[in-house]
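Chemist: Here it is: the structure, laid out below.
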Amino acid sequence: MQVTLLQHTPDPELTVALAARLCYSPVGIAELRERLSGDDIGTFLDKIMSLGHQSVLEHVSFTFGIAGISRTTSHPVAGTVRASARQAA
C-alpha cells in the first residue's frame, strides 16, 4: 500500500483558531490574525477542545492518495465519504 499526502491546509492550527475566534469576536479577521501568537493559539485550541467544541476542526483538510489496496478495503471508506457529502448538500 502506498499513501501520499496530496494537499493540506497550511497552518491548520491558525486556521482553526481564527475560525473559532471569529465566531464570537466583535472584531474582524484581520485584527484577529494580528492578535494571535503561537503560544496563544496552542492555549486557545486546548481550551476549545476541552469544552467539546471540535466542530471547528472541520475547517482543516488533508487529502491523501491511496494506492495498492483492494476494493473490499477502499469501497466502505469511499461510501462513507460520499454519504457525508450527500448529507451536507
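Each chain of the C-alpha cells is named A, B, ... in the order shown, its residues numbered from 1; ligands are numbered from 1 in display order.
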Which residues in chain A does DSSP call strand (DSSP E or B)? List them as number ranges by chain.
Modeler: A: 2-8, 62-67
Chemist: Give me the residues near stretch 37-43 of chain A as a PyMOL selection string, where near means some atom within 9 Å (using only C-alpha atoms) and where sequence neighbours in that chain fewer than 4 positions away do not count.
Modeler: chain A and resi 13-14+16-18+33+47-48
Chemist: In Å to one decimal, how far is atom CA of A:Gln7 from atom CA of A:His59?
Modeler: 13.9 Å
Chemist: Between atom CA of A:Leu22 and atom CA of A:Leu5, what is the distance in Å, rounded to a tenth?
Modeler: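 Interatomic distance, atom CA of A:Leu22 to atom CA of A:Leu5: 28.9 Å.
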Chemist: Determine which residues of chain A receive a DSSP assignment of helix (DSSP H, G or I), computed from the backbone, and state them as a compact mmCIF listing (two decimals) with C-alpha atoms, in the first residue's frame.
Modeler:
```
# COMPACT_ATOMS: atom_id res chain seq x y z
CA PRO A 12 -4.07 24.21 10.35
CA GLU A 13 -3.82 25.36 13.96
CA LEU A 14 -4.05 29.02 12.93
CA THR A 15 -6.98 28.26 10.62
CA VAL A 16 -8.92 26.53 13.41
CA ALA A 17 -8.13 29.24 15.96
CA LEU A 18 -9.18 32.04 13.61
CA ALA A 19 -12.42 30.28 12.68
CA ALA A 20 -13.28 29.69 16.33
CA ARG A 21 -12.39 33.22 17.44
CA LEU A 22 -14.23 34.85 14.56
CA CYS A 23 -17.41 33.10 15.64
CA TYR A 24 -17.57 35.12 18.87
CA ILE A 29 -10.47 38.65 10.75
CA ALA A 30 -7.52 40.95 10.00
CA GLU A 31 -7.38 42.19 13.59
CA LEU A 32 -7.78 38.66 14.95
CA ARG A 33 -4.89 37.47 12.78
CA GLU A 34 -2.67 40.25 14.13
CA ARG A 35 -3.58 39.47 17.75
CA GLY A 38 1.89 30.94 18.50
CA ASP A 39 1.53 30.48 22.26
CA ASP A 40 -2.00 31.94 22.25
CA ILE A 41 -3.06 29.54 19.50
CA GLY A 42 -1.99 26.43 21.41
CA THR A 43 -3.60 27.56 24.64
CA PHE A 44 -6.80 28.56 22.89
CA LEU A 45 -7.03 25.28 20.96
CA ASP A 46 -6.54 23.28 24.17
CA LYS A 47 -9.37 25.29 25.75
CA ILE A 48 -11.91 24.89 22.95
CA MET A 49 -11.14 21.17 22.58
CA SER A 50 -11.63 20.64 26.33
CA GLN A 54 -14.45 20.09 17.97
CA SER A 55 -16.59 21.24 15.04
CA VAL A 56 -14.03 23.97 14.26
CA LEU A 57 -11.66 21.18 13.18
CA GLU A 58 -13.78 20.84 10.04
CA HIS A 59 -12.06 23.96 8.66
CA ARG A 71 -11.76 -2.56 -3.48
CA THR A 72 -13.01 -4.52 -0.49
CA THR A 73 -10.92 -2.23 1.69
CA SER A 74 -11.46 1.05 -0.15
CA HIS A 75 -15.16 0.77 -1.00
CA PRO A 76 -16.53 1.22 2.57
CA VAL A 77 -14.31 4.29 3.04
CA ALA A 78 -15.36 5.85 -0.27
CA GLY A 79 -19.03 5.12 0.52
CA THR A 80 -18.73 6.90 3.84
CA VAL A 81 -17.24 9.97 2.16
CA ARG A 82 -19.99 10.03 -0.49
CA ALA A 83 -22.69 9.65 2.16
CA SER A 84 -21.18 12.53 4.15
CA ALA A 85 -21.13 14.72 1.05
CA ARG A 86 -24.81 13.92 0.30
CA GLN A 87 -25.83 14.74 3.87
CA ALA A 88 -24.02 18.08 3.71
```
Chemist: Rounded to one decimal, what separation in Å do you get between atom CA of A:His8 and atom CA of A:Leu51?
Modeler: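 Result for atom CA of A:His8 versus atom CA of A:Leu51: 25.8 Å, one decimal.
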Chemist: When distances are computed from only C-alpha atoms, which of A:Met1, A:Leu36, A:Leu6, A:Val27 shows the smallest separation from A:Ser61?
Modeler: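 Closest to A:Ser61 of all the choices is A:Leu6.
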